[in-house]
Structure formats: structure tokens, C-alpha cells
$ cat run-v9.cif   # mmCIF, C-alpha atoms
data_input
loop_
_atom_site.group_PDB
_atom_site.id
_atom_site.type_symbol
_atom_site.label_atom_id
_atom_site.label_comp_id
_atom_site.auth_asym_id
_atom_site.auth_seq_id
_atom_site.Cartn_x
_atom_site.Cartn_y
_atom_site.Cartn_z
ATOM 1 C CA MET T 1 16.904 13.762 0.272
ATOM 2 C CA GLY T 2 13.829 13.342 -2.005
ATOM 3 C CA VAL T 3 11.277 10.544 -2.348
ATOM 4 C CA LYS T 4 12.873 7.105 -2.575
ATOM 5 C CA PHE T 5 11.722 3.501 -2.662
ATOM 6 C CA ILE T 6 13.335 1.058 -0.250
ATOM 7 C CA GLY T 7 15.159 -0.784 -3.042
ATOM 8 C CA GLN T 8 16.630 2.461 -4.378
ATOM 9 C CA PHE T 9 17.633 3.460 -0.843
ATOM 10 C CA LEU T 10 19.434 0.165 -0.246
ATOM 11 C CA LEU T 11 21.243 0.433 -3.580
ATOM 12 C CA GLU T 12 22.436 3.946 -2.782
ATOM 13 C CA ARG T 13 23.764 2.768 0.593
ATOM 14 C CA GLY T 14 25.609 -0.099 -1.046
ATOM 15 C CA ALA T 15 23.673 -2.607 1.062
ATOM 16 C CA ILE T 16 22.623 -4.694 -1.947
ATOM 17 C CA THR T 17 23.441 -5.020 -5.630
ATOM 18 C CA ARG T 18 21.039 -4.511 -8.545
ATOM 19 C CA GLU T 19 21.152 -8.244 -9.222
ATOM 20 C CA GLN T 20 20.104 -8.995 -5.640
ATOM 21 C CA LEU T 21 17.243 -6.470 -5.866
ATOM 22 C CA LEU T 22 16.065 -7.975 -9.150
ATOM 23 C CA LEU T 23 16.073 -11.476 -7.654
ATOM 24 C CA ALA T 24 14.051 -10.262 -4.656
ATOM 25 C CA THR T 25 11.486 -8.431 -6.790
ATOM 26 C CA GLU T 26 11.063 -11.519 -8.966
ATOM 27 C CA LEU T 27 10.258 -13.520 -5.822
ATOM 28 C CA GLN T 28 7.744 -10.828 -4.832
ATOM 29 C CA GLU T 29 6.032 -11.065 -8.201
ATOM 30 C CA GLN T 30 5.740 -14.844 -7.833
ATOM 31 C CA ARG T 31 4.318 -14.657 -4.308
ATOM 32 C CA ASN T 32 2.171 -11.503 -4.357
ATOM 33 C CA ARG T 33 -0.657 -12.782 -6.494
ATOM 34 C CA PRO T 34 -3.948 -10.941 -7.135
ATOM 35 C CA LEU T 35 -7.113 -12.009 -5.367
ATOM 36 C CA GLY T 36 -8.627 -13.276 -8.609
ATOM 37 C CA ALA T 37 -5.794 -15.759 -9.095
ATOM 38 C CA TYR T 38 -6.588 -17.394 -5.751
ATOM 39 C CA ALA T 39 -10.318 -17.431 -6.537
ATOM 40 C CA VAL T 40 -9.649 -19.185 -9.849
ATOM 41 C CA GLU T 41 -7.249 -21.631 -8.180
ATOM 42 C CA ARG T 42 -9.908 -22.499 -5.588
ATOM 43 C CA GLY T 43 -12.485 -23.046 -8.327
ATOM 44 C CA TYR T 44 -14.673 -20.190 -7.100
ATOM 45 C CA LEU T 45 -14.297 -18.272 -10.362
ATOM 46 C CA THR T 46 -13.499 -19.095 -13.952
ATOM 47 C CA PRO T 47 -10.638 -17.138 -15.568
ATOM 48 C CA ALA T 48 -13.239 -15.283 -17.632
ATOM 49 C CA GLN T 49 -15.163 -14.260 -14.515
ATOM 50 C CA ALA T 50 -11.990 -13.028 -12.804
ATOM 51 C CA GLU T 51 -11.141 -10.972 -15.895
ATOM 52 C CA GLN T 52 -14.693 -9.578 -15.915
ATOM 53 C CA ILE T 53 -14.201 -8.303 -12.361
ATOM 54 C CA ASN T 54 -10.761 -6.911 -13.214
ATOM 55 C CA ARG T 55 -12.257 -4.990 -16.127
ATOM 56 C CA GLU T 56 -14.976 -3.576 -13.899
ATOM 57 C CA GLN T 57 -12.313 -2.423 -11.433
ATOM 58 C CA GLN T 58 -10.795 -0.301 -14.176
ATOM 59 C CA VAL T 59 -13.875 1.903 -14.301
ATOM 60 C CA THR T 60 -14.859 2.136 -10.649
ATOM 61 C CA ASP T 61 -13.242 2.796 -7.278
ATOM 62 C CA ARG T 62 -14.163 -0.529 -5.664
ATOM 63 C CA ARG T 63 -12.190 -3.508 -4.407
ATOM 64 C CA PHE T 64 -12.120 -6.862 -6.191
ATOM 65 C CA GLY T 65 -13.996 -8.693 -3.419
ATOM 66 C CA GLU T 66 -16.657 -5.994 -3.144
ATOM 67 C CA LEU T 67 -17.290 -6.093 -6.884
ATOM 68 C CA ALA T 68 -17.367 -9.897 -6.967
ATOM 69 C CA LEU T 69 -19.965 -9.893 -4.179
ATOM 70 C CA THR T 70 -22.102 -7.231 -5.889
ATOM 71 C CA MET T 71 -21.929 -9.099 -9.199
ATOM 72 C CA GLY T 72 -23.000 -12.329 -7.482
ATOM 73 C CA LEU T 73 -19.808 -14.162 -8.450
ATOM 74 C CA LEU T 74 -18.432 -14.760 -4.935
ATOM 75 C CA ASN T 75 -20.029 -15.040 -1.506
ATOM 76 C CA ASP T 76 -18.692 -13.735 1.818
ATOM 77 C CA ALA T 77 -17.137 -17.068 2.847
ATOM 78 C CA GLN T 78 -15.301 -17.432 -0.464
ATOM 79 C CA ILE T 79 -14.009 -13.859 -0.287
ATOM 80 C CA ASN T 80 -12.723 -14.383 3.264
ATOM 81 C CA ASP T 81 -11.040 -17.613 2.182
ATOM 82 C CA VAL T 82 -9.135 -16.065 -0.744
ATOM 83 C CA LEU T 83 -8.244 -12.977 1.317
ATOM 84 C CA THR T 84 -6.665 -15.270 3.911
ATOM 85 C CA LEU T 85 -4.718 -17.132 1.209
ATOM 86 C CA GLN T 86 -3.523 -13.855 -0.290
ATOM 87 C CA LYS T 87 -2.383 -12.540 3.088
ATOM 88 C CA GLN T 88 -0.542 -15.777 3.892
ATOM 89 C CA GLY T 89 1.250 -15.787 0.535
ATOM 90 C CA ARG T 90 2.185 -12.106 0.471
ATOM 91 C CA ILE T 91 5.837 -11.181 0.917
ATOM 92 C CA ARG T 92 7.361 -7.723 1.371
ATOM 93 C CA ILE T 93 10.579 -6.614 -0.238
ATOM 94 C CA GLY T 94 12.540 -6.945 3.012
ATOM 95 C CA GLU T 95 11.346 -10.502 3.498
ATOM 96 C CA ALA T 96 12.221 -11.247 -0.134
ATOM 97 C CA LEU T 97 15.742 -9.845 0.305
ATOM 98 C CA VAL T 98 16.230 -12.024 3.383
ATOM 99 C CA ALA T 99 14.708 -15.085 1.685
ATOM 100 C CA THR T 100 17.049 -14.727 -1.305
ATOM 101 C CA GLY T 101 20.095 -14.221 0.913
ATOM 102 C CA ALA T 102 20.832 -10.588 0.046
ATOM 103 C CA LEU T 103 20.510 -9.477 3.683
ATOM 104 C CA ASP T 104 19.918 -11.056 7.059
ATOM 105 C CA THR T 105 16.936 -9.954 9.159
ATOM 106 C CA ALA T 106 18.934 -7.770 11.542
ATOM 107 C CA GLY T 107 20.742 -6.080 8.680
ATOM 108 C CA PHE T 108 17.529 -5.270 6.848
ATOM 109 C CA GLU T 109 15.862 -3.926 10.003
ATOM 110 C CA GLU T 110 18.807 -1.589 10.566
ATOM 111 C CA HIS T 111 18.636 -0.277 7.007
ATOM 112 C CA PHE T 112 14.843 -0.017 7.143
ATOM 113 C CA ALA T 113 14.990 2.139 10.285
ATOM 114 C CA ALA T 114 17.364 4.499 8.452
ATOM 115 C CA PHE T 115 15.031 4.476 5.439
ATOM 116 C CA GLN T 116 12.007 5.409 7.563
ATOM 117 C CA ALA T 117 13.934 8.280 9.171
ATOM 118 C CA ASP T 118 15.051 9.530 5.744
ATOM 119 C CA GLN T 119 11.546 9.340 4.282
ATOM 120 C CA ALA T 120 9.534 10.463 7.331
ATOM 121 C CA ILE T 121 8.514 13.730 5.678
ATOM 122 C CA TYR T 122 6.727 11.811 2.908
ATOM 123 C CA GLN T 123 4.991 9.217 5.106
ATOM 124 C CA THR T 124 1.451 10.469 5.610
ATOM 125 C CA GLY T 125 -1.908 8.797 5.610
ATOM 126 C CA THR T 126 -3.679 11.971 4.506
ATOM 127 C CA VAL T 127 -3.335 14.178 1.470
ATOM 128 C CA GLU T 128 -1.386 17.199 2.666
ATOM 129 C CA LEU T 129 -1.891 20.368 0.619
ATOM 130 C CA PRO T 130 -0.197 23.756 0.782
ATOM 131 C CA GLU T 131 -2.054 26.433 2.688
ATOM 132 C CA GLY T 132 -4.383 28.374 0.418
ATOM 133 C CA THR T 133 -4.997 25.565 -2.088
ATOM 134 C CA PRO T 134 -8.322 26.313 -3.838
ATOM 135 C CA CYS T 135 -11.004 23.609 -4.084
ATOM 136 C CA ALA T 136 -9.083 21.559 -1.505
ATOM 137 C CA GLU T 137 -11.690 18.789 -1.142
ATOM 138 C CA LEU T 138 -11.807 18.202 -4.903
ATOM 139 C CA VAL T 139 -8.007 18.220 -5.124
ATOM 140 C CA ARG T 140 -7.677 15.659 -2.308
ATOM 141 C CA VAL T 141 -10.169 13.310 -3.959
ATOM 142 C CA CYS T 142 -8.403 13.723 -7.321
ATOM 143 C CA ILE T 143 -5.076 12.752 -5.771
ATOM 144 C CA ASP T 144 -6.504 9.857 -3.748
ATOM 145 C CA LEU T 145 -8.386 8.302 -6.678
ATOM 146 C CA SER T 146 -5.484 8.795 -9.097
ATOM 147 C CA GLU T 147 -3.221 6.835 -6.752
ATOM 148 C CA LYS T 148 -5.780 4.065 -6.225
ATOM 149 C CA LEU T 149 -6.556 3.649 -9.915
ATOM 150 C CA LEU T 150 -2.890 3.742 -10.921
ATOM 151 C CA LEU T 151 -2.544 0.659 -8.744
ATOM 152 C CA ARG T 152 -5.763 -1.060 -9.814
ATOM 153 C CA VAL T 153 -5.608 -0.269 -13.523
ATOM 154 C CA ALA T 154 -1.880 -0.304 -14.246
ATOM 155 C CA GLY T 155 -0.400 -2.153 -11.254
ATOM 156 C CA LEU T 156 1.689 0.924 -10.403
ATOM 157 C CA THR T 157 2.217 1.907 -6.759
ATOM 158 C CA PRO T 158 3.169 5.580 -6.487
ATOM 159 C CA LYS T 159 4.695 7.461 -3.573
ATOM 160 C CA ARG T 160 3.438 11.000 -3.249
ATOM 161 C CA GLY T 161 5.908 13.858 -3.191
ATOM 162 C CA ILE T 162 5.341 17.321 -1.751
ATOM 163 C CA ALA T 163 2.650 19.378 -3.489
ATOM 164 C CA LEU T 164 3.853 22.714 -4.852
ATOM 165 C CA LEU T 165 1.710 25.881 -4.946
ATOM 166 C CA PRO T 166 2.317 27.876 -7.092
ATOM 167 C CA ALA T 167 3.889 25.562 -9.642
ATOM 168 C CA ASP T 168 5.375 25.603 -13.098
ATOM 169 C CA LEU T 169 2.949 23.519 -15.141
ATOM 170 C CA ALA T 170 5.175 23.111 -18.190
ATOM 171 C CA ALA T 171 6.159 19.479 -18.820
ATOM 172 C CA PRO T 172 7.211 19.175 -22.483
ATOM 173 C CA GLU T 173 8.936 15.833 -21.881
ATOM 174 C CA LEU T 174 5.742 14.241 -20.516
ATOM 175 C CA LEU T 175 2.451 13.219 -22.134
ATOM 176 C CA THR T 176 -0.224 15.466 -20.620
ATOM 177 C CA ILE T 177 -3.993 14.973 -20.754
ATOM 178 C CA SER T 178 -6.357 17.414 -19.036
ATOM 179 C CA ILE T 179 -10.028 17.385 -18.104
ATOM 180 C CA GLY T 180 -12.017 20.393 -16.960
ATOM 181 C CA PHE T 181 -14.334 20.272 -13.953
ATOM 182 C CA SER T 182 -17.288 22.659 -13.953
ATOM 183 C CA GLY T 183 -20.330 23.292 -11.794
ATOM 184 C CA SER T 184 -19.578 23.251 -8.082
ATOM 185 C CA ALA T 185 -15.865 23.746 -8.880
ATOM 186 C CA THR T 186 -13.993 25.123 -11.880
ATOM 187 C CA VAL T 187 -10.634 23.385 -12.184
ATOM 188 C CA GLN T 188 -8.452 22.014 -14.977
ATOM 189 C CA PHE T 189 -7.057 18.672 -13.770
ATOM 190 C CA ALA T 190 -4.185 17.186 -15.759
ATOM 191 C CA PHE T 191 -2.308 13.873 -15.799
ATOM 192 C CA SER T 192 1.299 14.052 -16.990
ATOM 193 C CA ALA T 193 3.084 10.751 -17.604
ATOM 194 C CA SER T 194 6.414 9.673 -19.028
ATOM 195 C CA LYS T 195 6.107 7.448 -22.087
ATOM 196 C CA ASP T 196 6.903 4.220 -20.209
ATOM 197 C CA VAL T 197 4.194 4.897 -17.609
ATOM 198 C CA ALA T 198 1.669 5.805 -20.321
ATOM 199 C CA VAL T 199 2.487 2.539 -22.125
ATOM 200 C CA ALA T 200 2.012 0.545 -18.884
ATOM 201 C CA ILE T 201 -1.432 2.111 -18.477
ATOM 202 C CA ALA T 202 -2.272 1.460 -22.130
ATOM 203 C CA ARG T 203 -1.320 -2.212 -21.895
ATOM 204 C CA ARG T 204 -3.718 -2.718 -18.998
ATOM 205 C CA VAL T 205 -6.527 -0.642 -20.546
ATOM 206 C CA LEU T 206 -6.272 -2.115 -24.056
ATOM 207 C CA GLY T 207 -4.869 -5.574 -23.297
ATOM 208 C CA PRO T 208 -1.291 -6.926 -23.423
ATOM 209 C CA ALA T 209 -1.668 -8.334 -26.939
ATOM 210 C CA MET T 210 -2.583 -4.999 -28.516
ATOM 211 C CA ALA T 211 0.065 -3.433 -30.767
ATOM 212 C CA LEU T 212 0.461 0.046 -29.320
ATOM 213 C CA SER T 213 0.860 3.049 -31.563
ATOM 214 C CA ASP T 214 1.504 6.507 -30.124
ATOM 215 C CA GLU T 215 -2.120 7.380 -30.883
ATOM 216 C CA LEU T 216 -3.430 4.352 -28.984
ATOM 217 C CA VAL T 217 -1.246 5.186 -25.981
ATOM 218 C CA ILE T 218 -2.725 8.707 -25.892
ATOM 219 C CA ASP T 219 -6.261 7.295 -26.260
ATOM 220 C CA ALA T 220 -5.661 4.886 -23.360
ATOM 221 C CA LEU T 221 -4.325 7.694 -21.181
ATOM 222 C CA LYS T 222 -7.440 9.725 -22.008
ATOM 223 C CA GLU T 223 -9.618 6.764 -21.044
ATOM 224 C CA PHE T 224 -7.759 6.435 -17.742
ATOM 225 C CA CYS T 225 -8.350 10.150 -17.080
ATOM 226 C CA ASN T 226 -12.037 9.721 -17.884
ATOM 227 C CA VAL T 227 -12.317 6.840 -15.411
ATOM 228 C CA VAL T 228 -10.623 8.782 -12.609
ATOM 229 C CA CYS T 229 -12.636 11.952 -13.168
ATOM 230 C CA GLY T 230 -15.904 10.078 -13.603
ATOM 231 C CA ASN T 231 -15.396 8.457 -10.208
ATOM 232 C CA ILE T 232 -14.544 11.856 -8.708
ATOM 233 C CA CYS T 233 -17.851 13.251 -9.951
ATOM 234 C CA GLY T 234 -19.629 10.223 -8.512
ATOM 235 C CA LYS T 235 -18.113 10.915 -5.090
ATOM 236 C CA LEU T 236 -18.520 14.675 -4.940
ATOM 237 C CA SER T 237 -21.481 15.608 -7.129
ATOM 238 C CA GLN T 238 -24.750 16.413 -5.347
ATOM 239 C CA PRO T 239 -28.196 16.922 -6.968
ATOM 240 C CA GLU T 240 -28.317 20.497 -5.674
ATOM 241 C CA ASN T 241 -24.616 21.115 -6.367
ATOM 242 C CA PRO T 242 -23.579 19.113 -9.456
ATOM 243 C CA LEU T 243 -20.004 18.567 -10.611
ATOM 244 C CA GLU T 244 -19.423 17.857 -14.290
ATOM 245 C CA ILE T 245 -16.443 17.060 -16.506
ATOM 246 C CA GLY T 246 -15.582 17.944 -20.068
ATOM 247 C CA PRO T 247 -13.859 15.738 -22.654
ATOM 248 C CA PRO T 248 -10.174 14.860 -22.178
ATOM 249 C CA GLU T 249 -7.815 17.049 -24.186
ATOM 250 C CA ASP T 250 -4.118 17.003 -25.021
ATOM 251 C CA GLY T 251 -1.993 19.316 -22.872
ATOM 252 C CA LEU T 252 -3.046 22.083 -20.516
ATOM 253 C CA PRO T 253 -4.748 25.366 -21.388
ATOM 254 C CA GLU T 254 -2.439 28.349 -21.345
ATOM 255 C CA LYS T 255 -2.079 29.708 -17.824
ATOM 256 C CA ARG T 256 -2.991 33.300 -17.071
ATOM 257 C CA VAL T 257 -0.562 35.361 -15.011
ATOM 258 C CA ASP T 258 -3.038 35.641 -12.127
ATOM 259 C CA GLN T 259 -4.059 31.965 -12.031
ATOM 260 C CA LYS T 260 -3.101 29.648 -9.186
ATOM 261 C CA SER T 261 -1.611 26.278 -10.085
ATOM 262 C CA LEU T 262 -0.658 23.148 -8.135
ATOM 263 C CA LEU T 263 1.754 20.330 -8.959
ATOM 264 C CA VAL T 264 1.664 16.951 -7.177
ATOM 265 C CA PRO T 265 4.466 14.508 -8.102
ATOM 266 C CA LEU T 266 3.680 10.804 -7.798
ATOM 267 C CA HIS T 267 7.003 8.963 -7.723
ATOM 268 C CA LEU T 268 7.352 5.512 -9.267
ATOM 269 C CA PRO T 269 10.322 3.101 -9.338
ATOM 270 C CA ASP T 270 10.495 3.649 -13.107
ATOM 271 C CA GLY T 271 9.036 6.614 -14.957
ATOM 272 C CA ARG T 272 7.200 9.757 -13.875
ATOM 273 C CA PHE T 273 3.574 10.568 -13.189
ATOM 274 C CA GLU T 274 2.461 14.010 -12.072
ATOM 275 C CA LEU T 275 -0.872 15.641 -11.315
ATOM 276 C CA ARG T 276 -1.426 19.267 -12.248
ATOM 277 C CA PHE T 277 -4.241 21.605 -11.249
ATOM 278 C CA LEU T 278 -5.083 24.960 -12.803
ATOM 279 C CA PHE T 279 -7.676 26.951 -10.869
ATOM 280 C CA ALA T 280 -10.105 29.506 -12.344
#
$ encode --input "run-v9.cif" --output "C-alpha cells"
Amino acid sequence: MGVKFIGQFLLERGAITREQLLLATELQEQRNRPLGAYAVERGYLTPAQAEQINREQQVTDRRFGELALTMGLLNDAQINDVLTLQKQGRIRIGEALVATGALDTAGFEEHFAAFQADQAIYQTGTVELPEGTPCAELVRVCIDLSEKLLLRVAGLTPKRGIALLPADLAAPELLTISIGFSGSATVQFAFSASKDVAVAIARRVLGPAMALSDELVIDALKEFCNVVCGNICGKLSQPENPLEIGPPEDGLPEKRVDQKSLLVPLHLPDGRFELRFLFA
């Protein structure tokens, strides 16, 4: 079994070809436009204002409309208008496959029912952790915010695999950046990404026109880690029980024999992204 995306599942079943999937995903990209694009099209925002909100989203766990309202750039009526337009224009992969002629509606529904049955173990609205996971509240928030900011910062939508405790934390083929939490919890939290995922993050953090060296990719990944962990501290830190973070560092500290460790895989259509936790 294992975590799969619907397109991968359909390919493995022989229901569609790669060319048909590519055509459907291209239609999705054309139709599933960001909220800012609709706001600019309506004349509610300038392109510069939309980019300003997008940049702010990269450093905080807040939605585009909420930020635009707080910044005084959109009002409630304008936000509701562009949300309606976005919802009306949005198309899911199944609808795109039907629209491009790869499948008919009945055929897709049959395959989708099989897909849901195959992937039922991974479909959860909550962050499930193994029994005995230390600092469980912190870990859940780390996972939740990492997923949200992968989407908002890099446009990547992960599917969470099964968390493993204990876990082998070695990942020599991945770029790993870690940040230490201290205060109310003592945990080393690490982001491990394949090069293509790290580059996707870097392009969104630094801008698409930037020429990316290996050093810049690492710096961008560190900045992404800082953003995630800073938001975690903002959610969990209390005046009487503060939570602090250290600077991002390459790799993970060496694990002691008696230390507990947790691995959470976040599956992507292309590339790998994993979260690692090393507990004191």
C-alpha cells in the first residue's frame, strides 16, 4: 500500500496515461487561481499589494483574506466576492480528467471509491501520534504548521504518512536543517527535504528570478524553518511558561542511545519532505 496521490493511483491502475494526467493538471493550474489574482482582476488590489500580502503570508500562519483585512487592503464585501469567484472557478483533479476526456464521470467515481478505500488509513483530520510521544502538543503544532506553510510558502500540498517512534533519523540523501526548542519543552525539530523540494521553497522565499546556488537554497530552507518555528512559539509560548528557539543549523545533533526520536513523512507528488524530532 503506502501513501499515494490520486493521479499516481490512477496511473498504477492503468486508468489513465501520463499524458492525460499532465493535461488534466495543466487545466487545474489554469483554473485554480490564488485569491490575490481575483482581487487584482476585480481592481480591489494592485499587483504590488497582492504581492505584499503574499510575502506577509510567508512569515505568519494567517489566510490571505484575513491578512488583507488586517492590513486595510480589502474589506469584508470584497473578500467575500473574491472567495466566491475562487470557489466557482476551482476544479478538482477528477473534474479535470473528465473535462479533458481522460475519464467519464462514472469511471472516475469508481476509481475514486477504490482510491479512498486504499488510502483510508492515511485520511485523518487530526495529527495522530504514536503512544508515548513526548511533548505531544508541541509535535502536533509543528506538524500542522509545517504542512500549512509548505502550501502557503512553496505551493506544495503534502499528504502525511504514519509517524514512527522510535525512528532512524539518518537521512544523508536529504538536506536537513534543525532548530532547538527550549524552555517549556526541550526538542530538536528538523526539516529534511530532497533537493527539488528545497529548491521549490527557495524560489518562493527568494523570488523566481534569483539565481540559486547551493548555499542560497540552504539559506532559504533555514529561513523557512525559522518562519515555522517562530509561529509555533507564537502559538504555544506563555508569559509564565515561555518557549524559545535557537538558530537553524545544518543536520541533526548526534543521537544518544537512550534518546527518543520521531519521524513524520510528508509525501509529495515529486520529492520528499520529512519532519524529525529528537527529544531530550
$ atom_distance --input "run-v9.cif" --atom1 "atom CA of T:Asp76" --atom2 "atom CA of T:Val153"
24.2 Å
$ resolve_selection --input "run-v9.cif" --expression "the PyMOL selection byres ((chain T and resi 185-192) around 8)" --output "VMD selection string"
chain T and resid 135 138 171 174 to 184 193 to 194 225 243 251 to 252 272 to 280
$ write_last_selection --input "run-v9.cif" --atoms "C-alpha atoms" --output "PDB file, in the frame of the given file"
ATOM      1  CA  CYS T 135     -11.004  23.609  -4.084  1.00  0.00           C
ATOM      2  CA  LEU T 138     -11.807  18.202  -4.903  1.00  0.00           C
ATOM      3  CA  ALA T 171       6.159  19.479 -18.820  1.00  0.00           C
ATOM      4  CA  LEU T 174       5.742  14.241 -20.516  1.00  0.00           C
ATOM      5  CA  LEU T 175       2.451  13.219 -22.134  1.00  0.00           C
ATOM      6  CA  THR T 176      -0.224  15.466 -20.620  1.00  0.00           C
ATOM      7  CA  ILE T 177      -3.993  14.973 -20.754  1.00  0.00           C
ATOM      8  CA  SER T 178      -6.357  17.414 -19.036  1.00  0.00           C
ATOM      9  CA  ILE T 179     -10.028  17.385 -18.104  1.00  0.00           C
ATOM     10  CA  GLY T 180     -12.017  20.393 -16.960  1.00  0.00           C
ATOM     11  CA  PHE T 181     -14.334  20.272 -13.953  1.00  0.00           C
ATOM     12  CA  SER T 182     -17.288  22.659 -13.953  1.00  0.00           C
ATOM     13  CA  GLY T 183     -20.330  23.292 -11.794  1.00  0.00           C
ATOM     14  CA  SER T 184     -19.578  23.251  -8.082  1.00  0.00           C
ATOM     15  CA  ALA T 193       3.084  10.751 -17.604  1.00  0.00           C
ATOM     16  CA  SER T 194       6.414   9.673 -19.028  1.00  0.00           C
ATOM     17  CA  CYS T 225      -8.350  10.150 -17.080  1.00  0.00           C
ATOM     18  CA  LEU T 243     -20.004  18.567 -10.611  1.00  0.00           C
ATOM     19  CA  GLY T 251      -1.993  19.316 -22.872  1.00  0.00           C
ATOM     20  CA  LEU T 252      -3.046  22.083 -20.516  1.00  0.00           C
ATOM     21  CA  ARG T 272       7.200   9.757 -13.875  1.00  0.00           C
ATOM     22  CA  PHE T 273       3.574  10.568 -13.189  1.00  0.00           C
ATOM     23  CA  GLU T 274       2.461  14.010 -12.072  1.00  0.00           C
ATOM     24  CA  LEU T 275      -0.872  15.641 -11.315  1.00  0.00           C
ATOM     25  CA  ARG T 276      -1.426  19.267 -12.248  1.00  0.00           C
ATOM     26  CA  PHE T 277      -4.241  21.605 -11.249  1.00  0.00           C
ATOM     27  CA  LEU T 278      -5.083  24.960 -12.803  1.00  0.00           C
ATOM     28  CA  PHE T 279      -7.676  26.951 -10.869  1.00  0.00           C
ATOM     29  CA  ALA T 280     -10.105  29.506 -12.344  1.00  0.00           C
TER      30      ALA T 280
END
$ atom_distance --input "run-v9.cif" --atom1 "atom CA of T:Pro158" --atom2 "atom CA of T:Lys4"
10.6 Å
$ residues_around --input "run-v9.cif" --residues "T:Ile93" --least-positions-apart "6" --cutoff "9 Å" --atoms "all atoms listed in the file" --output "MDAnalysis selection string"
chainID T and resid 6:7 21 24:25 27:28
$ closest_residue --input "run-v9.cif" --among "T:Glu147, T:Glu131, T:Glu51, T:Asp219" --to "T:Leu35" --atoms "only C-alpha atoms"
T:Glu51
$ resolve_selection --input "run-v9.cif" --expression "the PyMOL selection byres ((chain T and resi 146) around 12)" --output "NGL selection string"
:T and (58 or 60-61 or 139-145 or 147-154 or 156-160 or 189-192 or 224-232 or 264-266 or 273-276)
$ residues_around --input "run-v9.cif" --residues "T:Gln78" --least-positions-apart "5" --cutoff "12 Å" --atoms "all atoms listed in the file" --output "NGL selection string"
:T and (35-36 or 38-45 or 65-66 or 68-69 or 72-73 or 83-85)
$ residues_around --input "run-v9.cif" --residues "T:Pro166" --least-positions-apart "3" --cutoff "7 Å" --atoms "only C-alpha atoms" --output "NGL selection string"
:T and (260-262)
$ closest_residue --input "run-v9.cif" --among "T:His111, T:Ala211, T:Val205, T:Phe9" --to "T:Pro269" --atoms "only C-alpha atoms"
T:Phe9
